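Beneath this line is the structure, given in structure tokens, with notes to follow.
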Amino acid sequence: MNGGSAAEVTVTVNGEARRAEAGSTLLRLVEALGFAGRPIAVEIDGEVVPRPRLGERVLGGGERIEIVTFVGGG
Amino acid sequence: MHHLEGRVWDVIDHDPQGGGDLPLVVGGITLKSRLIVGTGKYATYADMARCLAASGTDCVTVAVRRERLVNAAGENILDHIDTSRYVLLPNTAGCYSADDAIRVARLGRELLRDMGSSSSEWVKLEVLGDRRTLLPDPVGTIEATERLVADGFTVLVYTSDDPVIAKRLKELGAASVMPAGSPIGSGQGVLNPNNLRICLEYLKDGDPDYPVIIDAGVGTASDVAVAMELGADGVLLNTAIAHAADPERMAAAMRAACLAGRLAALAGRMPRRLYATASSPDEGSIARPRP
């Protein structure tokens with residue numbers, strides 16, 4: 001992505017700024033982070049997106065995304 | 001006397017339907033064990049797995065947290081929990097508002113749905129009011145319970161031992177009200193048995209099967225037995241096992257204590273008396289009577 005011709009947008013993933021290709025989807029982002037096939041749930045701007053619909057959600061820039069999993073807890 | 005015809009031993013051999021007991025049913029799911037065990041604070045996932053097995057539980061709590069963006073290839077807790085054996089109960093631990101608790105509950109539900117879990121609507125609701133005590137925020141807890149029930153969740157709600165709040169949570173549709181014995185992770189046991197007794201009486205009034213689970217504060221096995229003897233339907237604990245010197249042995253102790261407490265509750269204890277009553281007969285004693 002560095003200096004490429006494709007336009008980029010910035011999104012916030014788990015509190016960190018991340019660049020993504022403009023017009024890319026949540027599914028692409030999840031795959032790029034290496035989370036495909038892992039037990040995760042995704043929230044974008046406060047709304048949960050079921051896994052089968054990650055590919056429908058296009059990133060416009062500025063979204064706040066949370067990608068969570070289960071950890072030990074009481 | 002009620003004759004158990006030896007079936008009482010089935011209870012100890014972990015068949016709660018033996019001995020005339022019925023299994024614990026929460027939100028339509030039947031649990032064989034009356035212990036719900038947390039998965040936090042273990043040194044390793046392997047330790048956790050051994051302790052869960054030793055506790056005899058078939059329902060475990062998990063927390064929902066951000067996936068690590070780097071080194072995410074590491075192990076996931078789900079690699080160490082046999083989900084065909086354990087019902088997963090996601091919590092909303094660490095949430096200090098109804099809004100956050102609802103977000104976390106929905107993410108937990110999505111994780112469970114994606115796994116095809118049978119308990120995908122289950123949530124252990126915690127809305128905390130204070131970092132130091134981890135006591136529940138009653139107002140936020142009531143608000144979140146109402147909204148989660150409306151959203152179709154099966155809400156098992158962590159609350160204080162306040163009987164009025166407990167009753168309100170049940171009226172709002174909580175599948176189980178879970179009063180704390182003492183603060184989370186404090187190991188102080190059951191601090192106010194009188195309040196818990198009133199909670200149990202209110203929650204089970206005309207509805208004896210309504211599940212009441214004592215959540216939090218257990219320090220050792222006798223605390224579990226006390227909670228069960230009070231008439232609780234189950235106990236939820238984590239730190240008392242994870243932070244014992246020998247966690248696996250303590251997990252087995254918790255299992256035994258839960259069964260012991262349950263049996264004692266079903267058996268019905270003798271009344272407390274201020275003065276002694278001799279167990280051996282006075283009649284036929286060769287001793288000279290004490291004046």
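As shown in the structure tokens, the chain order sets the letters A, B, ...; within each chain, residues go from 1, and ligands are also counted from 1 in the order they appear.
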
Original post:
So which residues of range 37-245 of chain B fall under alpha helix (DSSP H) by DSSP, listed as a ChimeraX atom specification?
Top reply: /B:45-55,98-115,138-150,163-171,193-204,221-229,239-242

**OP:** Find the residues near Arg19 in chain A: any atom within 12 Å, counting only C-alpha atoms, skip ones fewer than 2 places away on the same chain, and give them as a PyMOL selection string.
**Re:** chain A and resi 1-3+6-13+16-17+21-24+28-29+32-33+59-63

Please write the residues from the selection above to a file, keeping N, CA and C atoms, as a PDB file, in the first residue's frame.
ATOM      1  N   MET A   1       0.834  -1.204   0.000  1.00  0.00           N
ATOM      2  CA  MET A   1       0.000   0.000   0.000  1.00  0.00           C
ATOM      3  C   MET A   1       0.868   1.253   0.000  1.00  0.00           C
ATOM      4  N   ASN A   2       2.149   1.137   0.321  1.00  0.00           N
ATOM      5  CA  ASN A   2       2.887   2.379   0.518  1.00  0.00           C
ATOM      6  C   ASN A   2       3.194   3.076  -0.799  1.00  0.00           C
ATOM      7  N   GLY A   3       2.624   4.299  -0.934  1.00  0.00           N
ATOM      8  CA  GLY A   3       2.832   5.103  -2.128  1.00  0.00           C
ATOM      9  C   GLY A   3       2.115   4.569  -3.356  1.00  0.00           C
ATOM     10  N   ALA A   6      -3.572   3.252  -5.494  1.00  0.00           N
ATOM     11  CA  ALA A   6      -4.911   3.092  -4.949  1.00  0.00           C
ATOM     12  C   ALA A   6      -5.124   4.088  -3.809  1.00  0.00           C
ATOM     13  N   ALA A   7      -6.277   4.719  -3.789  1.00  0.00           N
ATOM     14  CA  ALA A   7      -6.605   5.642  -2.705  1.00  0.00           C
ATOM     15  C   ALA A   7      -6.767   4.848  -1.417  1.00  0.00           C
ATOM     16  N   GLU A   8      -6.328   5.463  -0.344  1.00  0.00           N
ATOM     17  CA  GLU A   8      -6.423   4.772   0.947  1.00  0.00           C
ATOM     18  C   GLU A   8      -7.325   5.542   1.901  1.00  0.00           C
ATOM     19  N   VAL A   9      -7.888   4.806   2.810  1.00  0.00           N
ATOM     20  CA  VAL A   9      -8.654   5.433   3.887  1.00  0.00           C
ATOM     21  C   VAL A   9      -8.053   4.961   5.212  1.00  0.00           C
ATOM     22  N   THR A  10      -8.324   5.726   6.243  1.00  0.00           N
ATOM     23  CA  THR A  10      -7.857   5.339   7.570  1.00  0.00           C
ATOM     24  C   THR A  10      -9.052   4.921   8.412  1.00  0.00           C
ATOM     25  N   VAL A  11      -8.913   3.791   9.070  1.00  0.00           N
ATOM     26  CA  VAL A  11      -9.937   3.335  10.012  1.00  0.00           C
ATOM     27  C   VAL A  11      -9.253   3.056  11.344  1.00  0.00           C
ATOM     28  N   THR A  12     -10.025   2.989  12.396  1.00  0.00           N
ATOM     29  CA  THR A  12      -9.472   2.661  13.717  1.00  0.00           C
ATOM     30  C   THR A  12      -9.854   1.227  14.055  1.00  0.00           C
ATOM     31  N   VAL A  13      -8.837   0.393  14.245  1.00  0.00           N
ATOM     32  CA  VAL A  13      -9.091  -1.019  14.567  1.00  0.00           C
ATOM     33  C   VAL A  13      -8.550  -1.287  15.969  1.00  0.00           C
ATOM     34  N   GLU A  16      -6.354   1.339  17.276  1.00  0.00           N
ATOM     35  CA  GLU A  16      -5.163   1.739  16.514  1.00  0.00           C
ATOM     36  C   GLU A  16      -5.559   2.167  15.105  1.00  0.00           C
ATOM     37  N   ALA A  17      -4.891   3.220  14.605  1.00  0.00           N
ATOM     38  CA  ALA A  17      -5.159   3.665  13.234  1.00  0.00           C
ATOM     39  C   ALA A  17      -4.587   2.649  12.251  1.00  0.00           C
ATOM     40  N   GLU A  21      -7.449   0.012   1.734  1.00  0.00           N
ATOM     41  CA  GLU A  21      -7.756   0.476   0.392  1.00  0.00           C
ATOM     42  C   GLU A  21      -9.164   1.067   0.380  1.00  0.00           C
ATOM     43  N   ALA A  22      -9.323   2.199  -0.260  1.00  0.00           N
ATOM     44  CA  ALA A  22     -10.668   2.773  -0.377  1.00  0.00           C
ATOM     45  C   ALA A  22     -11.544   1.799  -1.147  1.00  0.00           C
ATOM     46  N   GLY A  23     -12.760   1.629  -0.691  1.00  0.00           N
ATOM     47  CA  GLY A  23     -13.675   0.698  -1.356  1.00  0.00           C
ATOM     48  C   GLY A  23     -13.488  -0.738  -0.922  1.00  0.00           C
ATOM     49  N   SER A  24     -12.492  -0.961  -0.047  1.00  0.00           N
ATOM     50  CA  SER A  24     -12.266  -2.301   0.481  1.00  0.00           C
ATOM     51  C   SER A  24     -13.364  -2.638   1.496  1.00  0.00           C
ATOM     52  N   ARG A  28     -12.061  -7.949   3.790  1.00  0.00           N
ATOM     53  CA  ARG A  28     -10.671  -7.791   3.334  1.00  0.00           C
ATOM     54  C   ARG A  28      -9.773  -7.387   4.498  1.00  0.00           C
ATOM     55  N   LEU A  29     -10.297  -6.479   5.325  1.00  0.00           N
ATOM     56  CA  LEU A  29      -9.519  -6.023   6.482  1.00  0.00           C
ATOM     57  C   LEU A  29      -9.247  -7.186   7.445  1.00  0.00           C
ATOM     58  N   ALA A  32      -6.706  -9.410   5.924  1.00  0.00           N
ATOM     59  CA  ALA A  32      -5.372  -8.789   5.911  1.00  0.00           C
ATOM     60  C   ALA A  32      -4.721  -8.855   7.299  1.00  0.00           C
ATOM     61  N   LEU A  33      -5.561  -8.842   8.328  1.00  0.00           N
ATOM     62  CA  LEU A  33      -5.027  -8.914   9.699  1.00  0.00           C
ATOM     63  C   LEU A  33      -4.732 -10.354  10.116  1.00  0.00           C
ATOM     64  N   LEU A  59     -15.645  -0.061   3.456  1.00  0.00           N
ATOM     65  CA  LEU A  59     -15.028   0.921   4.351  1.00  0.00           C
ATOM     66  C   LEU A  59     -14.933   2.274   3.656  1.00  0.00           C
ATOM     67  N   GLY A  60     -15.524   3.280   4.265  1.00  0.00           N
ATOM     68  CA  GLY A  60     -15.488   4.611   3.679  1.00  0.00           C
ATOM     69  C   GLY A  60     -14.418   5.499   4.300  1.00  0.00           C
ATOM     70  N   GLY A  61     -13.849   5.046   5.414  1.00  0.00           N
ATOM     71  CA  GLY A  61     -12.868   5.854   6.131  1.00  0.00           C
ATOM     72  C   GLY A  61     -13.473   6.440   7.390  1.00  0.00           C
ATOM     73  N   GLY A  62     -12.675   6.424   8.463  1.00  0.00           N
ATOM     74  CA  GLY A  62     -13.120   7.018   9.723  1.00  0.00           C
ATOM     75  C   GLY A  62     -13.880   6.069  10.640  1.00  0.00           C
ATOM     76  N   GLU A  63     -14.156   4.851  10.157  1.00  0.00           N
ATOM     77  CA  GLU A  63     -14.929   3.933  11.005  1.00  0.00           C
ATOM     78  C   GLU A  63     -14.119   3.472  12.206  1.00  0.00           C
TER      79      GLU A  63
END

**OP:** Would you mind listing what lies within 7 Å of range 68-84 of chain B as a ChimeraX atom specification, with only C-alpha atoms counted and same-chain residues fewer than 2 positions away left out?
**Re:** /A:33,70-72 /B:45,49,66,86-87

Could you take the residues named above and write them with C-alpha atoms, as a compact mmCIF listing (two decimals), in the first residue's frame?
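Output file again-v4.txt follows:
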# COMPACT_ATOMS: atom_id res chain seq x y z
CA LEU A 33 -5.03 -8.91 9.70
CA PHE A 70 -13.01 -14.95 23.87
CA VAL A 71 -10.39 -14.90 26.63
CA GLY A 72 -10.31 -16.37 30.12
CA TYR B 45 -4.59 -23.01 29.29
CA ALA B 49 -8.48 -27.38 31.21
CA ARG B 66 -9.92 -7.25 21.69
CA TYR B 86 -18.99 -27.21 28.33
CA VAL B 87 -21.73 -24.65 27.82

Subject >> Of the listed residues B:Ile241, B:Ala53, B:Val127, B:Leu24, that which approaches Gly185 in chain B most closely, counting only C-alpha atoms >> reply: B:Ile241

**OP:** Compile the residues of chain B that lie within 9 Å of chain A, evaluated using only C-alpha atoms, and express the compilation as a PyMOL selection string.
**Re:** chain B and resi 37-42+45+60-70+72-73+76-78+90-91+93+103+106-111+113-115+216+236-239

Write to file, as a PDB file, in the first residue's frame, the residues of the selection just made, with C-alpha atoms.
ATOM      1  CA  VAL B  37     -16.523 -22.123  36.749  1.00  0.00           C
ATOM      2  CA  GLY B  38     -14.619 -19.148  35.351  1.00  0.00           C
ATOM      3  CA  THR B  39     -11.696 -19.532  32.975  1.00  0.00           C
ATOM      4  CA  GLY B  40      -9.626 -16.517  34.069  1.00  0.00           C
ATOM      5  CA  LYS B  41      -6.338 -16.171  35.964  1.00  0.00           C
ATOM      6  CA  TYR B  42      -4.868 -19.610  35.213  1.00  0.00           C
ATOM      7  CA  TYR B  45      -4.594 -23.011  29.289  1.00  0.00           C
ATOM      8  CA  VAL B  60     -17.813 -22.103  31.997  1.00  0.00           C
ATOM      9  CA  THR B  61     -17.632 -18.328  31.767  1.00  0.00           C
ATOM     10  CA  VAL B  62     -15.456 -16.484  29.265  1.00  0.00           C
ATOM     11  CA  ALA B  63     -14.698 -12.803  28.705  1.00  0.00           C
ATOM     12  CA  VAL B  64     -14.834 -10.839  25.433  1.00  0.00           C
ATOM     13  CA  ARG B  65     -11.686  -8.856  24.629  1.00  0.00           C
ATOM     14  CA  ARG B  66      -9.917  -7.247  21.694  1.00  0.00           C
ATOM     15  CA  GLU B  67      -8.038  -9.707  19.520  1.00  0.00           C
ATOM     16  CA  ARG B  68      -4.349  -8.882  19.400  1.00  0.00           C
ATOM     17  CA  LEU B  69      -3.413  -7.210  16.143  1.00  0.00           C
ATOM     18  CA  VAL B  70       0.129  -8.544  16.332  1.00  0.00           C
ATOM     19  CA  ALA B  72      -2.537 -13.126  16.782  1.00  0.00           C
ATOM     20  CA  ALA B  73      -1.429 -16.536  15.539  1.00  0.00           C
ATOM     21  CA  ASN B  76      -6.994 -19.171  21.492  1.00  0.00           C
ATOM     22  CA  ILE B  77      -8.778 -20.226  24.673  1.00  0.00           C
ATOM     23  CA  LEU B  78     -11.296 -22.105  22.528  1.00  0.00           C
ATOM     24  CA  PRO B  90     -19.832 -15.060  27.964  1.00  0.00           C
ATOM     25  CA  ASN B  91     -19.607 -12.273  30.519  1.00  0.00           C
ATOM     26  CA  ALA B  93     -16.873  -8.126  32.856  1.00  0.00           C
ATOM     27  CA  ARG B 103     -22.201  -3.998  23.117  1.00  0.00           C
ATOM     28  CA  ARG B 106     -23.876  -8.665  21.410  1.00  0.00           C
ATOM     29  CA  LEU B 107     -20.263  -9.396  20.431  1.00  0.00           C
ATOM     30  CA  GLY B 108     -20.263 -12.468  22.669  1.00  0.00           C
ATOM     31  CA  ARG B 109     -23.503 -13.626  21.066  1.00  0.00           C
ATOM     32  CA  GLU B 110     -21.966 -13.184  17.617  1.00  0.00           C
ATOM     33  CA  LEU B 111     -18.934 -15.255  18.631  1.00  0.00           C
ATOM     34  CA  ARG B 113     -23.480 -17.913  16.874  1.00  0.00           C
ATOM     35  CA  ASP B 114     -20.473 -18.180  14.589  1.00  0.00           C
ATOM     36  CA  MET B 115     -19.437 -21.322  16.501  1.00  0.00           C
ATOM     37  CA  ALA B 216     -18.504 -14.238  43.423  1.00  0.00           C
ATOM     38  CA  LEU B 236     -20.232 -19.498  40.161  1.00  0.00           C
ATOM     39  CA  LEU B 237     -16.563 -19.132  41.038  1.00  0.00           C
ATOM     40  CA  ASN B 238     -13.170 -18.559  39.433  1.00  0.00           C
ATOM     41  CA  THR B 239     -10.372 -17.153  41.580  1.00  0.00           C
TER      42      THR B 239
END

**OP:** Quote the spacing between CA of Met250 in chain B and CA of Arg262 in chain B in Å to one decimal place.
**Re:** 18.0 Å

Subject >> Those of chain A in DSSP strand (DSSP E), formatted as number ranges by chain >> reply: A: 8-13, 16-21, 41-44, 47-49, 64-72

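Atom to atom, CA of Asp233 in chain B and CA of Val25 in chain B stand 9.3 Å apart.
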
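Taking CA of Ser176 in chain B and CA of Val157 in chain B as endpoints, the distance between them is 6.4 Å.
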
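Near Ala253 in chain B, within a cut-off of 10 Å and counting only C-alpha atoms, sit the residues Ala54, Ser55, Thr220, Ala221, Ser222, Val224, Ile241, Pro247, Glu248, Arg249, Met250, Ala256, Ala257, Cys258 and Leu259 of chain B, with same-chain residues fewer than 3 positions away left out.
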
Output C-alpha atoms for every residue in the selection just made, as a short mmCIF file (atom, residue, chain, number, x, y, z; two decimals), in the first residue's frame.
data_model
loop_
_atom_site.label_atom_id
_atom_site.label_comp_id
_atom_site.auth_asym_id
_atom_site.auth_seq_id
_atom_site.Cartn_x
_atom_site.Cartn_y
_atom_site.Cartn_z
CA ALA B 54 -11.64 -31.72 38.05
CA SER B 55 -14.44 -29.34 39.06
CA THR B 220 -12.64 -22.13 49.69
CA ALA B 221 -14.79 -25.25 49.59
CA SER B 222 -16.80 -24.53 52.74
CA VAL B 224 -19.58 -23.26 48.35
CA ILE B 241 -9.69 -22.37 42.11
CA PRO B 247 -5.77 -25.40 41.70
CA GLU B 248 -6.67 -28.86 40.41
CA ARG B 249 -7.07 -30.25 43.93
CA MET B 250 -9.14 -27.22 44.91
CA ALA B 256 -17.34 -32.21 46.48
CA ALA B 257 -18.47 -29.16 48.49
CA CYS B 258 -21.14 -28.28 45.97
CA LEU B 259 -22.55 -31.79 46.12
#

Subject >> Residue contacts of Ala150 in chain B (10 Å, only C-alpha atoms) excluding same-chain residues fewer than 4 positions away, as a ChimeraX atom specification >> reply: /B:144-146,154,172-173

Residue neighbourhood Ala260 in chain B, 9 Å, only C-alpha atoms, exclusion window fewer than 3 positions, as a PDB file with N, CA and C atoms, in the first residue's frame:
ATOM      1  N   ILE B  12     -23.206 -38.471  44.746  1.00  0.00           N
ATOM      2  CA  ILE B  12     -21.783 -38.255  44.961  1.00  0.00           C
ATOM      3  C   ILE B  12     -20.991 -38.733  43.742  1.00  0.00           C
ATOM      4  N   ALA B 225     -20.230 -24.840  50.067  1.00  0.00           N
ATOM      5  CA  ALA B 225     -21.183 -25.643  50.830  1.00  0.00           C
ATOM      6  C   ALA B 225     -22.187 -24.738  51.540  1.00  0.00           C
ATOM      7  N   MET B 228     -24.715 -23.376  49.075  1.00  0.00           N
ATOM      8  CA  MET B 228     -25.668 -24.410  48.656  1.00  0.00           C
ATOM      9  C   MET B 228     -26.623 -24.768  49.793  1.00  0.00           C
ATOM     10  N   GLU B 229     -26.098 -24.795  51.011  1.00  0.00           N
ATOM     11  CA  GLU B 229     -26.956 -25.119  52.161  1.00  0.00           C
ATOM     12  C   GLU B 229     -28.020 -24.053  52.385  1.00  0.00           C
ATOM     13  N   ARG B 255     -16.045 -29.237  43.784  1.00  0.00           N
ATOM     14  CA  ARG B 255     -17.046 -30.179  43.280  1.00  0.00           C
ATOM     15  C   ARG B 255     -17.684 -30.948  44.433  1.00  0.00           C
ATOM     16  N   ALA B 256     -16.839 -31.442  45.331  1.00  0.00           N
ATOM     17  CA  ALA B 256     -17.342 -32.206  46.478  1.00  0.00           C
ATOM     18  C   ALA B 256     -18.191 -31.312  47.385  1.00  0.00           C
ATOM     19  N   ALA B 257     -17.745 -30.083  47.600  1.00  0.00           N
ATOM     20  CA  ALA B 257     -18.468 -29.164  48.491  1.00  0.00           C
ATOM     21  C   ALA B 257     -19.828 -28.796  47.921  1.00  0.00           C
ATOM     22  N   LEU B 263     -26.751 -31.749  48.916  1.00  0.00           N
ATOM     23  CA  LEU B 263     -27.348 -32.863  49.657  1.00  0.00           C
ATOM     24  C   LEU B 263     -27.859 -32.396  51.015  1.00  0.00           C
ATOM     25  N   ALA B 264     -27.074 -31.573  51.691  1.00  0.00           N
ATOM     26  CA  ALA B 264     -27.476 -31.078  53.014  1.00  0.00           C
ATOM     27  C   ALA B 264     -28.735 -30.223  52.901  1.00  0.00           C
ATOM     28  N   ALA B 265     -28.790 -29.395  51.853  1.00  0.00           N
ATOM     29  CA  ALA B 265     -29.972 -28.549  51.677  1.00  0.00           C
ATOM     30  C   ALA B 265     -31.204 -29.412  51.455  1.00  0.00           C
TER      31      ALA B 265
END
